[in-house]
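Contents: one structure, followed by commentary.
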Amino acid sequence: MKQKNGFVLRNVCGEKVIVGEGLGAVDFSKLISLNETAAFLWENAAAQGEFTVDSLTTALCSEYDVEEARARADVERTIKEWQNVGIVE
C-alpha cells in the first residue's frame, strides 16, 4: 500500500490532521484528525513509501512499549480507516 498523492500531515492548532492539497484532493471535504500514534504511523508510512501491515507493526513496536498482537490490531484498524476515506491505495 501507499499514501495517495496530495494528502499531507499538518499541525493545526496543536492537532495533527491529514489535509488534501492540490488537484488530487478536489473532492476531499474533511480533515482527518490523528492521535499521536496514528500520526506516527502516517509519518512512518510516508517514510517507507510503500508499506504493509507488517512494516508498520514493526515500527510501532519499536517506538512504543506495546505487544505485537495489540500493535497489529491497531495498525489494521488505522489502515482500514485510511482506506475508507480514500487516502491510501
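Letters for chains follow the order of the C-alpha cells (A, B, ...), residue numbers begin at 1 for each chain, and ligand numbers begin at 1 in the order shown.
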Next on the checklist: I'd like to know which residues of chain A are strand (DSSP E or B) (by DSSP, run on the backbone); could you write them as a ChimeraX atom specification?
Outcome noted: /A:2-3,7-12,15-20,32-34,50,88
Selection from above, all heavy atoms, as a compact mmCIF listing (two decimals), in the first residue's frame, can you write it?
# COMPACT_ATOMS: atom_id res chain seq x y z
N LYS A 2 0.28 2.35 -0.34
CA LYS A 2 0.99 3.62 -0.25
C LYS A 2 -0.02 4.75 -0.06
O LYS A 2 -1.21 4.59 -0.33
CB LYS A 2 1.86 3.87 -1.47
CG LYS A 2 1.09 4.07 -2.75
CD LYS A 2 2.04 4.35 -3.89
CE LYS A 2 1.25 4.67 -5.15
NZ LYS A 2 2.09 5.11 -6.22
N GLN A 3 0.48 5.87 0.41
CA GLN A 3 -0.37 7.04 0.58
C GLN A 3 -0.67 7.64 -0.78
O GLN A 3 0.19 7.64 -1.67
CB GLN A 3 0.33 8.09 1.45
CG GLN A 3 0.60 7.61 2.85
CD GLN A 3 1.49 8.56 3.62
OE1 GLN A 3 2.20 9.39 3.04
NE2 GLN A 3 1.50 8.43 4.93
N PHE A 7 -2.04 14.21 -0.04
CA PHE A 7 -2.51 14.19 1.34
C PHE A 7 -1.30 14.28 2.27
O PHE A 7 -0.38 13.47 2.19
CB PHE A 7 -3.31 12.91 1.63
CG PHE A 7 -4.57 12.85 0.84
CD1 PHE A 7 -4.64 12.12 -0.33
CD2 PHE A 7 -5.69 13.55 1.24
CE1 PHE A 7 -5.79 12.07 -1.08
CE2 PHE A 7 -6.86 13.52 0.49
CZ PHE A 7 -6.91 12.78 -0.67
N VAL A 8 -1.31 15.31 3.11
CA VAL A 8 -0.15 15.57 3.97
C VAL A 8 -0.59 15.76 5.42
O VAL A 8 -1.73 16.17 5.70
CB VAL A 8 0.62 16.82 3.50
CG1 VAL A 8 1.24 16.59 2.12
CG2 VAL A 8 -0.27 18.04 3.47
N LEU A 9 0.33 15.47 6.31
CA LEU A 9 0.09 15.65 7.73
C LEU A 9 0.50 17.07 8.10
O LEU A 9 1.60 17.52 7.77
CB LEU A 9 0.91 14.63 8.53
CG LEU A 9 0.71 14.65 10.03
CD1 LEU A 9 -0.70 14.24 10.40
CD2 LEU A 9 1.72 13.70 10.69
N ARG A 10 -0.39 17.78 8.77
CA ARG A 10 -0.13 19.15 9.21
C ARG A 10 -0.46 19.27 10.69
O ARG A 10 -1.30 18.54 11.21
CB ARG A 10 -1.00 20.15 8.44
CG ARG A 10 -0.73 20.20 6.97
CD ARG A 10 0.46 21.07 6.67
NE ARG A 10 0.61 21.22 5.24
CZ ARG A 10 1.72 20.90 4.59
NH1 ARG A 10 2.75 20.44 5.23
NH2 ARG A 10 1.80 21.07 3.29
N ASN A 11 0.17 20.22 11.34
CA ASN A 11 -0.16 20.56 12.72
C ASN A 11 -1.05 21.79 12.67
O ASN A 11 -0.62 22.87 12.26
CB ASN A 11 1.11 20.84 13.51
CG ASN A 11 0.86 20.94 14.99
OD1 ASN A 11 -0.26 21.14 15.45
ND2 ASN A 11 1.93 20.80 15.76
N VAL A 12 -2.32 21.62 13.06
CA VAL A 12 -3.29 22.71 13.01
C VAL A 12 -3.81 22.96 14.43
O VAL A 12 -4.47 22.11 15.01
CB VAL A 12 -4.47 22.37 12.07
CG1 VAL A 12 -5.51 23.48 12.07
CG2 VAL A 12 -3.97 22.09 10.65
N GLU A 15 -3.24 20.21 16.83
CA GLU A 15 -3.72 18.88 16.46
C GLU A 15 -3.07 18.45 15.17
O GLU A 15 -2.85 19.25 14.27
CB GLU A 15 -5.24 18.88 16.27
CG GLU A 15 -6.02 18.87 17.55
CD GLU A 15 -7.47 18.51 17.31
OE1 GLU A 15 -7.74 17.48 16.67
OE2 GLU A 15 -8.31 19.30 17.75
N LYS A 16 -2.77 17.16 15.06
CA LYS A 16 -2.23 16.62 13.83
C LYS A 16 -3.40 16.18 12.95
O LYS A 16 -4.27 15.43 13.39
CB LYS A 16 -1.32 15.45 14.13
CG LYS A 16 -0.15 15.86 14.99
CD LYS A 16 1.08 15.15 14.62
CE LYS A 16 2.18 15.65 15.54
NZ LYS A 16 3.45 15.59 14.93
N VAL A 17 -3.44 16.71 11.73
CA VAL A 17 -4.52 16.40 10.80
C VAL A 17 -3.94 16.11 9.42
O VAL A 17 -2.92 16.65 9.03
CB VAL A 17 -5.56 17.53 10.70
CG1 VAL A 17 -6.29 17.74 12.01
CG2 VAL A 17 -4.92 18.83 10.25
N ILE A 18 -4.63 15.23 8.70
CA ILE A 18 -4.29 14.99 7.30
C ILE A 18 -5.19 15.88 6.48
O ILE A 18 -6.41 15.90 6.67
CB ILE A 18 -4.50 13.51 6.93
CG1 ILE A 18 -3.54 12.63 7.75
CG2 ILE A 18 -4.28 13.31 5.44
CD1 ILE A 18 -3.78 11.15 7.56
N VAL A 19 -4.58 16.62 5.57
CA VAL A 19 -5.34 17.52 4.71
C VAL A 19 -5.01 17.20 3.25
O VAL A 19 -3.92 16.72 2.94
CB VAL A 19 -5.05 19.02 5.01
CG1 VAL A 19 -5.50 19.39 6.40
CG2 VAL A 19 -3.58 19.33 4.84
N GLY A 20 -5.95 17.48 2.39
CA GLY A 20 -5.74 17.30 0.97
C GLY A 20 -5.21 18.58 0.36
O GLY A 20 -5.69 19.66 0.67
N ILE A 32 -8.83 14.96 8.57
CA ILE A 32 -8.77 13.75 9.36
C ILE A 32 -7.84 14.01 10.52
O ILE A 32 -6.64 14.23 10.33
CB ILE A 32 -8.26 12.56 8.53
CG1 ILE A 32 -9.20 12.34 7.34
CG2 ILE A 32 -8.14 11.32 9.38
CD1 ILE A 32 -8.67 11.38 6.32
N SER A 33 -8.39 14.04 11.72
CA SER A 33 -7.61 14.29 12.93
C SER A 33 -6.97 12.99 13.39
O SER A 33 -7.62 11.94 13.41
CB SER A 33 -8.52 14.86 14.02
OG SER A 33 -7.77 15.12 15.17
N LEU A 34 -5.69 13.04 13.74
CA LEU A 34 -4.96 11.86 14.17
C LEU A 34 -4.46 12.01 15.59
O LEU A 34 -3.99 13.09 15.97
CB LEU A 34 -3.75 11.62 13.26
CG LEU A 34 -4.00 11.46 11.77
CD1 LEU A 34 -2.69 11.24 11.05
CD2 LEU A 34 -4.93 10.30 11.50
N GLU A 50 6.11 2.62 0.13
CA GLU A 50 5.13 1.53 0.13
C GLU A 50 5.25 0.83 1.47
O GLU A 50 6.34 0.55 1.93
CB GLU A 50 5.38 0.58 -1.03
CG GLU A 50 5.13 1.26 -2.36
CD GLU A 50 4.68 0.30 -3.45
OE1 GLU A 50 4.36 -0.86 -3.14
OE2 GLU A 50 4.65 0.75 -4.60
N VAL A 88 -5.25 6.21 1.13
CA VAL A 88 -4.20 5.25 0.77
C VAL A 88 -4.73 4.37 -0.36
O VAL A 88 -5.92 4.25 -0.57
CB VAL A 88 -3.77 4.37 1.96
CG1 VAL A 88 -3.12 5.19 3.06
CG2 VAL A 88 -4.90 3.53 2.51
Next on the checklist: With only C-alpha atoms as the counted atoms, please give the residues lying no more than 10 Å from segment 56-59 of chain A, apart from itself and same-chain residues fewer than 4 positions off, as a list in words.
Outcome noted: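 So the residues in contact are Phe40, Leu41, Trp42, Asn44, Ala45, Gln48, Phe51, Thr52, Glu63, Tyr64, Val66, Glu67, Glu68, Ala69, Arg70, Ala71, Arg72, Ala73, Asp74, Val75, Glu76 and Ile79 of chain A.
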Next, write the just-selected residues to a file, as a CSV table (one decimal), in the first residue's frame, keeping N, CA and C atoms as the atom set.
chain,number,residue,atom,x,y,z
A,40,PHE,N,2.2,9.0,14.1
A,40,PHE,CA,3.4,8.3,13.9
A,40,PHE,C,3.3,7.3,12.8
A,41,LEU,N,2.2,6.6,12.7
A,41,LEU,CA,2.1,5.6,11.6
A,41,LEU,C,2.0,6.3,10.3
A,42,TRP,N,1.3,7.4,10.2
A,42,TRP,CA,1.3,8.1,8.9
A,42,TRP,C,2.7,8.6,8.4
A,44,ASN,N,5.5,7.3,9.4
A,44,ASN,CA,6.3,6.2,9.1
A,44,ASN,C,5.9,5.6,7.7
A,45,ALA,N,4.7,5.6,7.4
A,45,ALA,CA,4.2,5.1,6.1
A,45,ALA,C,4.8,6.0,5.0
A,48,GLN,N,8.4,5.2,4.4
A,48,GLN,CA,8.6,3.9,3.7
A,48,GLN,C,8.2,3.9,2.3
A,51,PHE,N,4.1,0.6,2.1
A,51,PHE,CA,4.1,0.0,3.4
A,51,PHE,C,3.2,-1.2,3.5
A,52,THR,N,3.3,-2.0,4.5
A,52,THR,CA,2.5,-3.1,4.8
A,52,THR,C,2.1,-3.1,6.3
A,63,GLU,N,8.8,1.7,18.5
A,63,GLU,CA,8.7,3.1,19.0
A,63,GLU,C,8.0,3.1,20.4
A,64,TYR,N,7.0,2.2,20.6
A,64,TYR,CA,6.2,2.2,21.8
A,64,TYR,C,6.3,0.8,22.5
A,66,VAL,N,4.5,-1.8,23.4
A,66,VAL,CA,3.2,-2.4,23.1
A,66,VAL,C,3.4,-3.9,22.6
A,67,GLU,N,2.5,-4.7,22.9
A,67,GLU,CA,2.6,-6.1,22.5
A,67,GLU,C,2.3,-6.2,21.0
A,68,GLU,N,2.9,-7.1,20.3
A,68,GLU,CA,2.8,-7.2,18.8
A,68,GLU,C,1.3,-7.4,18.4
A,69,ALA,N,0.6,-8.2,19.1
A,69,ALA,CA,-0.8,-8.5,18.7
A,69,ALA,C,-1.6,-7.2,18.8
A,70,ARG,N,-1.4,-6.5,19.9
A,70,ARG,CA,-2.2,-5.2,20.0
A,70,ARG,C,-1.8,-4.2,19.0
A,71,ALA,N,-0.4,-4.1,18.7
A,71,ALA,CA,0.1,-3.2,17.7
A,71,ALA,C,-0.5,-3.5,16.3
A,72,ARG,N,-0.5,-4.8,16.0
A,72,ARG,CA,-1.1,-5.3,14.7
A,72,ARG,C,-2.6,-4.9,14.5
A,73,ALA,N,-3.3,-5.1,15.6
A,73,ALA,CA,-4.8,-4.8,15.6
A,73,ALA,C,-4.9,-3.3,15.4
A,74,ASP,N,-4.1,-2.5,16.0
A,74,ASP,CA,-4.2,-1.0,15.9
A,74,ASP,C,-3.9,-0.6,14.5
A,75,VAL,N,-2.8,-1.2,14.0
A,75,VAL,CA,-2.4,-0.8,12.6
A,75,VAL,C,-3.4,-1.2,11.6
A,76,GLU,N,-4.0,-2.4,11.7
A,76,GLU,CA,-5.0,-2.9,10.8
A,76,GLU,C,-6.2,-2.0,10.8
A,79,ILE,N,-5.3,1.5,9.2
A,79,ILE,CA,-5.2,1.4,7.7
A,79,ILE,C,-6.6,1.2,7.1
Checklist entry - Distance atom CA of Gln83 of chain A-atom CA of Asn5 of chain A, one decimal place? => result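 Computed distance, atom CA of Gln83 of chain A to atom CA of Asn5 of chain A, equals 13.8 Å.
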Every residue of chain A that DSSP places in helix (DSSP H, G or I), as a short mmCIF file (atom, residue, chain, number, x, y, z; two decimals) with all heavy atoms, in the first residue's frame:
data_model
loop_
_atom_site.label_atom_id
_atom_site.label_comp_id
_atom_site.auth_asym_id
_atom_site.auth_seq_id
_atom_site.Cartn_x
_atom_site.Cartn_y
_atom_site.Cartn_z
N LEU A 23 -4.70 19.35 -6.89
CA LEU A 23 -5.81 18.89 -7.72
C LEU A 23 -6.30 17.49 -7.35
O LEU A 23 -7.47 17.19 -7.50
CB LEU A 23 -5.41 18.90 -9.20
CG LEU A 23 -5.16 20.28 -9.79
CD1 LEU A 23 -4.70 20.15 -11.24
CD2 LEU A 23 -6.43 21.12 -9.72
N GLY A 24 -5.41 16.63 -6.85
CA GLY A 24 -5.82 15.29 -6.48
C GLY A 24 -6.75 15.25 -5.30
O GLY A 24 -7.35 14.22 -5.00
N ALA A 25 -6.90 16.36 -4.62
CA ALA A 25 -7.72 16.39 -3.41
C ALA A 25 -8.99 17.23 -3.58
O ALA A 25 -9.63 17.58 -2.61
CB ALA A 25 -6.89 16.94 -2.25
N GLU A 36 -1.61 10.78 18.49
CA GLU A 36 -0.14 10.71 18.38
C GLU A 36 0.31 9.43 17.69
O GLU A 36 1.20 9.44 16.84
CB GLU A 36 0.47 10.77 19.79
CG GLU A 36 1.98 10.69 19.80
CD GLU A 36 2.55 10.70 21.21
OE1 GLU A 36 1.94 11.28 22.12
OE2 GLU A 36 3.64 10.13 21.38
N THR A 37 -0.31 8.31 18.01
CA THR A 37 0.08 7.03 17.43
C THR A 37 -0.25 6.97 15.95
O THR A 37 0.57 6.53 15.13
CB THR A 37 -0.59 5.86 18.17
OG1 THR A 37 -0.30 5.97 19.57
CG2 THR A 37 -0.12 4.52 17.66
N ALA A 38 -1.44 7.40 15.57
CA ALA A 38 -1.83 7.39 14.16
C ALA A 38 -0.94 8.34 13.35
O ALA A 38 -0.57 8.03 12.21
CB ALA A 38 -3.30 7.76 14.01
N ALA A 39 -0.58 9.48 13.93
CA ALA A 39 0.33 10.41 13.25
C ALA A 39 1.70 9.76 13.06
O ALA A 39 2.32 9.90 12.00
CB ALA A 39 0.45 11.71 14.05
N PHE A 40 2.17 9.03 14.07
CA PHE A 40 3.43 8.30 13.94
C PHE A 40 3.35 7.30 12.78
O PHE A 40 4.27 7.20 11.97
CB PHE A 40 3.77 7.57 15.25
CG PHE A 40 4.91 6.61 15.11
CD1 PHE A 40 6.22 7.05 15.14
CD2 PHE A 40 4.66 5.25 14.94
CE1 PHE A 40 7.27 6.16 14.99
CE2 PHE A 40 5.71 4.35 14.78
CZ PHE A 40 7.02 4.81 14.82
N LEU A 41 2.24 6.57 12.71
CA LEU A 41 2.07 5.59 11.63
C LEU A 41 2.04 6.27 10.26
O LEU A 41 2.64 5.78 9.30
CB LEU A 41 0.79 4.77 11.85
CG LEU A 41 0.83 3.80 13.03
CD1 LEU A 41 -0.54 3.17 13.24
CD2 LEU A 41 1.89 2.73 12.84
N TRP A 42 1.34 7.41 10.15
CA TRP A 42 1.26 8.13 8.88
C TRP A 42 2.65 8.59 8.44
O TRP A 42 3.04 8.42 7.28
CB TRP A 42 0.32 9.31 9.00
CG TRP A 42 0.15 10.05 7.71
CD1 TRP A 42 0.80 11.20 7.32
CD2 TRP A 42 -0.70 9.70 6.62
NE1 TRP A 42 0.40 11.57 6.07
CE2 TRP A 42 -0.52 10.67 5.61
CE3 TRP A 42 -1.60 8.66 6.41
CZ2 TRP A 42 -1.21 10.62 4.41
CZ3 TRP A 42 -2.28 8.63 5.19
CH2 TRP A 42 -2.09 9.59 4.22
N GLU A 43 3.41 9.15 9.38
CA GLU A 43 4.76 9.62 9.06
C GLU A 43 5.65 8.44 8.67
O GLU A 43 6.47 8.56 7.76
CB GLU A 43 5.34 10.38 10.24
CG GLU A 43 4.65 11.72 10.46
CD GLU A 43 5.05 12.42 11.75
OE1 GLU A 43 5.44 11.73 12.72
OE2 GLU A 43 4.97 13.66 11.78
N ASN A 44 5.51 7.33 9.37
CA ASN A 44 6.31 6.15 9.06
C ASN A 44 5.94 5.59 7.69
O ASN A 44 6.82 5.20 6.93
CB ASN A 44 6.10 5.11 10.17
CG ASN A 44 7.32 4.28 10.38
OD1 ASN A 44 7.55 3.34 9.63
ND2 ASN A 44 8.10 4.64 11.39
N ALA A 45 4.65 5.56 7.39
CA ALA A 45 4.21 5.09 6.07
C ALA A 45 4.78 5.98 4.97
O ALA A 45 5.22 5.49 3.93
CB ALA A 45 2.68 5.06 6.01
N ALA A 46 4.80 7.29 5.21
CA ALA A 46 5.36 8.22 4.23
C ALA A 46 6.85 7.96 4.02
O ALA A 46 7.34 7.98 2.89
CB ALA A 46 5.13 9.66 4.68
N ALA A 47 7.56 7.70 5.10
CA ALA A 47 9.00 7.45 5.01
C ALA A 47 9.29 6.14 4.26
O ALA A 47 10.29 6.05 3.55
CB ALA A 47 9.61 7.39 6.41
N GLN A 48 8.40 5.16 4.40
CA GLN A 48 8.60 3.87 3.74
C GLN A 48 8.22 3.92 2.27
O GLN A 48 8.69 3.09 1.49
CB GLN A 48 7.77 2.78 4.43
CG GLN A 48 8.24 2.44 5.82
CD GLN A 48 7.39 1.35 6.45
OE1 GLN A 48 6.85 0.48 5.77
NE2 GLN A 48 7.27 1.39 7.76
N VAL A 53 1.08 -3.91 6.59
CA VAL A 53 0.68 -4.05 7.99
C VAL A 53 1.89 -4.49 8.80
O VAL A 53 2.14 -3.97 9.89
CB VAL A 53 -0.49 -5.05 8.14
CG1 VAL A 53 -0.73 -5.39 9.60
CG2 VAL A 53 -1.76 -4.50 7.50
N ASP A 54 2.66 -5.42 8.27
CA ASP A 54 3.84 -5.92 8.99
C ASP A 54 4.86 -4.82 9.24
O ASP A 54 5.40 -4.71 10.34
CB ASP A 54 4.50 -7.07 8.22
CG ASP A 54 3.70 -8.36 8.26
OD1 ASP A 54 2.85 -8.52 9.15
OD2 ASP A 54 3.94 -9.21 7.39
N SER A 55 5.14 -4.02 8.22
CA SER A 55 6.18 -2.98 8.39
C SER A 55 5.75 -1.91 9.38
O SER A 55 6.56 -1.45 10.19
CB SER A 55 6.55 -2.35 7.04
OG SER A 55 5.49 -1.59 6.50
N LEU A 56 4.47 -1.54 9.36
CA LEU A 56 4.00 -0.55 10.33
C LEU A 56 3.89 -1.13 11.74
O LEU A 56 4.14 -0.44 12.72
CB LEU A 56 2.67 0.06 9.89
CG LEU A 56 2.73 0.95 8.65
CD1 LEU A 56 1.35 1.56 8.38
CD2 LEU A 56 3.77 2.05 8.78
N THR A 57 3.55 -2.42 11.83
CA THR A 57 3.51 -3.07 13.14
C THR A 57 4.90 -3.11 13.76
O THR A 57 5.07 -2.80 14.94
CB THR A 57 2.94 -4.50 13.02
OG1 THR A 57 1.60 -4.42 12.52
CG2 THR A 57 2.95 -5.22 14.36
N THR A 58 5.89 -3.44 12.96
CA THR A 58 7.27 -3.46 13.44
C THR A 58 7.70 -2.08 13.92
O THR A 58 8.31 -1.93 14.98
CB THR A 58 8.22 -3.97 12.33
OG1 THR A 58 7.85 -5.30 12.00
CG2 THR A 58 9.67 -3.94 12.78
N ALA A 59 7.38 -1.06 13.14
CA ALA A 59 7.73 0.31 13.52
C ALA A 59 7.06 0.71 14.82
O ALA A 59 7.68 1.32 15.70
CB ALA A 59 7.35 1.28 12.40
N LEU A 60 5.79 0.36 14.96
CA LEU A 60 5.03 0.71 16.16
C LEU A 60 5.63 0.03 17.39
O LEU A 60 5.80 0.66 18.44
CB LEU A 60 3.56 0.33 15.98
CG LEU A 60 2.56 0.91 16.96
CD1 LEU A 60 2.56 2.43 16.95
CD2 LEU A 60 1.17 0.38 16.65
N CYS A 61 5.97 -1.24 17.26
CA CYS A 61 6.57 -1.98 18.38
C CYS A 61 7.95 -1.43 18.74
O CYS A 61 8.34 -1.46 19.91
CB CYS A 61 6.67 -3.46 18.05
SG CYS A 61 5.08 -4.33 18.05
N SER A 62 8.67 -0.93 17.75
CA SER A 62 9.99 -0.36 18.01
C SER A 62 9.91 0.98 18.73
O SER A 62 10.79 1.32 19.52
CB SER A 62 10.76 -0.16 16.69
OG SER A 62 11.01 -1.39 16.09
N GLU A 63 8.85 1.72 18.48
CA GLU A 63 8.70 3.07 19.04
C GLU A 63 8.00 3.06 20.40
O GLU A 63 8.31 3.87 21.27
CB GLU A 63 7.92 3.94 18.05
CG GLU A 63 7.75 5.38 18.48
CD GLU A 63 9.04 6.20 18.42
OE1 GLU A 63 10.02 5.76 17.79
OE2 GLU A 63 9.05 7.30 19.01
N GLU A 68 2.93 -7.11 20.27
CA GLU A 68 2.79 -7.18 18.82
C GLU A 68 1.34 -7.39 18.39
O GLU A 68 0.88 -6.77 17.43
CB GLU A 68 3.66 -8.29 18.24
CG GLU A 68 3.61 -8.32 16.73
CD GLU A 68 4.53 -9.37 16.11
OE1 GLU A 68 5.38 -9.93 16.82
OE2 GLU A 68 4.38 -9.60 14.91
N ALA A 69 0.61 -8.25 19.09
CA ALA A 69 -0.79 -8.50 18.71
C ALA A 69 -1.63 -7.23 18.80
O ALA A 69 -2.45 -6.95 17.92
CB ALA A 69 -1.39 -9.60 19.58
N ARG A 70 -1.42 -6.47 19.85
CA ARG A 70 -2.16 -5.20 20.02
C ARG A 70 -1.75 -4.20 18.95
O ARG A 70 -2.59 -3.50 18.37
CB ARG A 70 -1.90 -4.64 21.43
CG ARG A 70 -2.48 -3.27 21.69
CD ARG A 70 -4.01 -3.30 21.61
NE ARG A 70 -4.57 -1.99 21.67
CZ ARG A 70 -5.13 -1.46 22.76
NH1 ARG A 70 -5.21 -2.16 23.86
NH2 ARG A 70 -5.62 -0.25 22.72
N ALA A 71 -0.44 -4.12 18.69
CA ALA A 71 0.05 -3.19 17.66
C ALA A 71 -0.53 -3.55 16.30
O ALA A 71 -0.99 -2.67 15.57
CB ALA A 71 1.58 -3.23 17.62
N ARG A 72 -0.54 -4.84 15.97
CA ARG A 72 -1.08 -5.28 14.67
C ARG A 72 -2.56 -4.91 14.55
O ARG A 72 -3.00 -4.40 13.52
CB ARG A 72 -0.89 -6.78 14.49
CG ARG A 72 -1.48 -7.31 13.18
CD ARG A 72 -1.12 -8.77 12.97
NE ARG A 72 0.31 -8.95 12.85
CZ ARG A 72 1.03 -8.69 11.77
NH1 ARG A 72 0.43 -8.22 10.69
NH2 ARG A 72 2.33 -8.88 11.74
N ALA A 73 -3.33 -5.14 15.60
CA ALA A 73 -4.76 -4.81 15.56
C ALA A 73 -4.95 -3.31 15.36
O ALA A 73 -5.81 -2.89 14.58
CB ALA A 73 -5.44 -5.28 16.85
N ASP A 74 -4.15 -2.50 16.04
CA ASP A 74 -4.24 -1.04 15.90
C ASP A 74 -3.86 -0.60 14.49
O ASP A 74 -4.50 0.26 13.90
CB ASP A 74 -3.37 -0.34 16.94
CG ASP A 74 -3.92 -0.46 18.35
OD1 ASP A 74 -5.09 -0.88 18.51
OD2 ASP A 74 -3.18 -0.14 19.29
N VAL A 75 -2.79 -1.18 13.95
CA VAL A 75 -2.35 -0.85 12.59
C VAL A 75 -3.43 -1.24 11.58
O VAL A 75 -3.76 -0.45 10.69
CB VAL A 75 -1.00 -1.53 12.27
CG1 VAL A 75 -0.69 -1.45 10.77
CG2 VAL A 75 0.12 -0.90 13.07
N GLU A 76 -3.98 -2.44 11.71
CA GLU A 76 -5.02 -2.88 10.78
C GLU A 76 -6.23 -1.97 10.83
O GLU A 76 -6.79 -1.62 9.78
CB GLU A 76 -5.43 -4.33 11.09
CG GLU A 76 -4.37 -5.34 10.70
CD GLU A 76 -4.67 -6.75 11.16
OE1 GLU A 76 -5.57 -6.95 12.02
OE2 GLU A 76 -4.00 -7.67 10.66
N ARG A 77 -6.64 -1.57 12.03
CA ARG A 77 -7.80 -0.67 12.17
C ARG A 77 -7.50 0.69 11.54
O ARG A 77 -8.33 1.26 10.83
CB ARG A 77 -8.17 -0.52 13.65
CG ARG A 77 -9.45 0.30 13.86
CD ARG A 77 -9.77 0.52 15.33
NE ARG A 77 -8.83 1.49 15.88
CZ ARG A 77 -7.90 1.21 16.80
NH1 ARG A 77 -7.78 0.01 17.30
NH2 ARG A 77 -7.10 2.16 17.24
N THR A 78 -6.31 1.20 11.79
CA THR A 78 -5.93 2.52 11.26
C THR A 78 -5.88 2.49 9.73
O THR A 78 -6.43 3.38 9.07
CB THR A 78 -4.57 2.95 11.84
OG1 THR A 78 -4.69 3.05 13.27
CG2 THR A 78 -4.15 4.30 11.29
N ILE A 79 -5.27 1.47 9.16
CA ILE A 79 -5.19 1.37 7.70
C ILE A 79 -6.59 1.24 7.10
O ILE A 79 -6.89 1.85 6.07
CB ILE A 79 -4.29 0.19 7.27
CG1 ILE A 79 -2.83 0.52 7.60
CG2 ILE A 79 -4.46 -0.12 5.79
CD1 ILE A 79 -1.87 -0.64 7.36
N LYS A 80 -7.46 0.46 7.74
CA LYS A 80 -8.82 0.32 7.24
C LYS A 80 -9.53 1.68 7.22
O LYS A 80 -10.23 2.01 6.25
CB LYS A 80 -9.60 -0.66 8.10
CG LYS A 80 -10.98 -0.94 7.57
CD LYS A 80 -11.69 -2.01 8.36
CE LYS A 80 -13.05 -2.24 7.74
NZ LYS A 80 -13.78 -3.31 8.41
N GLU A 81 -9.34 2.48 8.25
CA GLU A 81 -9.93 3.83 8.28
C GLU A 81 -9.37 4.67 7.15
O GLU A 81 -10.11 5.40 6.48
CB GLU A 81 -9.69 4.49 9.63
CG GLU A 81 -10.47 3.87 10.76
CD GLU A 81 -10.12 4.43 12.14
OE1 GLU A 81 -9.43 5.48 12.21
OE2 GLU A 81 -10.52 3.82 13.12
N TRP A 82 -8.06 4.60 6.92
CA TRP A 82 -7.44 5.35 5.83
C TRP A 82 -8.01 4.91 4.48
O TRP A 82 -8.26 5.73 3.60
CB TRP A 82 -5.93 5.17 5.84
CG TRP A 82 -5.22 5.79 7.02
CD1 TRP A 82 -5.72 6.67 7.93
CD2 TRP A 82 -3.87 5.56 7.40
NE1 TRP A 82 -4.76 6.99 8.86
CE2 TRP A 82 -3.61 6.33 8.55
CE3 TRP A 82 -2.84 4.76 6.89
CZ2 TRP A 82 -2.38 6.35 9.19
CZ3 TRP A 82 -1.61 4.77 7.53
CH2 TRP A 82 -1.38 5.56 8.67
N GLN A 83 -8.22 3.60 4.31
CA GLN A 83 -8.80 3.11 3.07
C GLN A 83 -10.23 3.59 2.90
O GLN A 83 -10.64 3.97 1.80
CB GLN A 83 -8.74 1.58 3.03
CG GLN A 83 -7.35 1.03 2.87
CD GLN A 83 -7.27 -0.48 3.04
OE1 GLN A 83 -7.97 -1.05 3.86
NE2 GLN A 83 -6.39 -1.11 2.28
N ASN A 84 -10.99 3.59 3.98
CA ASN A 84 -12.39 4.02 3.92
C ASN A 84 -12.54 5.47 3.49
O ASN A 84 -13.52 5.83 2.82
CB ASN A 84 -13.09 3.80 5.26
CG ASN A 84 -13.37 2.34 5.54
OD1 ASN A 84 -13.39 1.51 4.64
ND2 ASN A 84 -13.58 2.01 6.80
N VAL A 85 -11.60 6.32 3.89
CA VAL A 85 -11.68 7.73 3.50
C VAL A 85 -10.88 8.02 2.23
O VAL A 85 -10.86 9.15 1.76
CB VAL A 85 -11.27 8.69 4.64
CG1 VAL A 85 -12.24 8.58 5.80
CG2 VAL A 85 -9.85 8.47 5.09
#
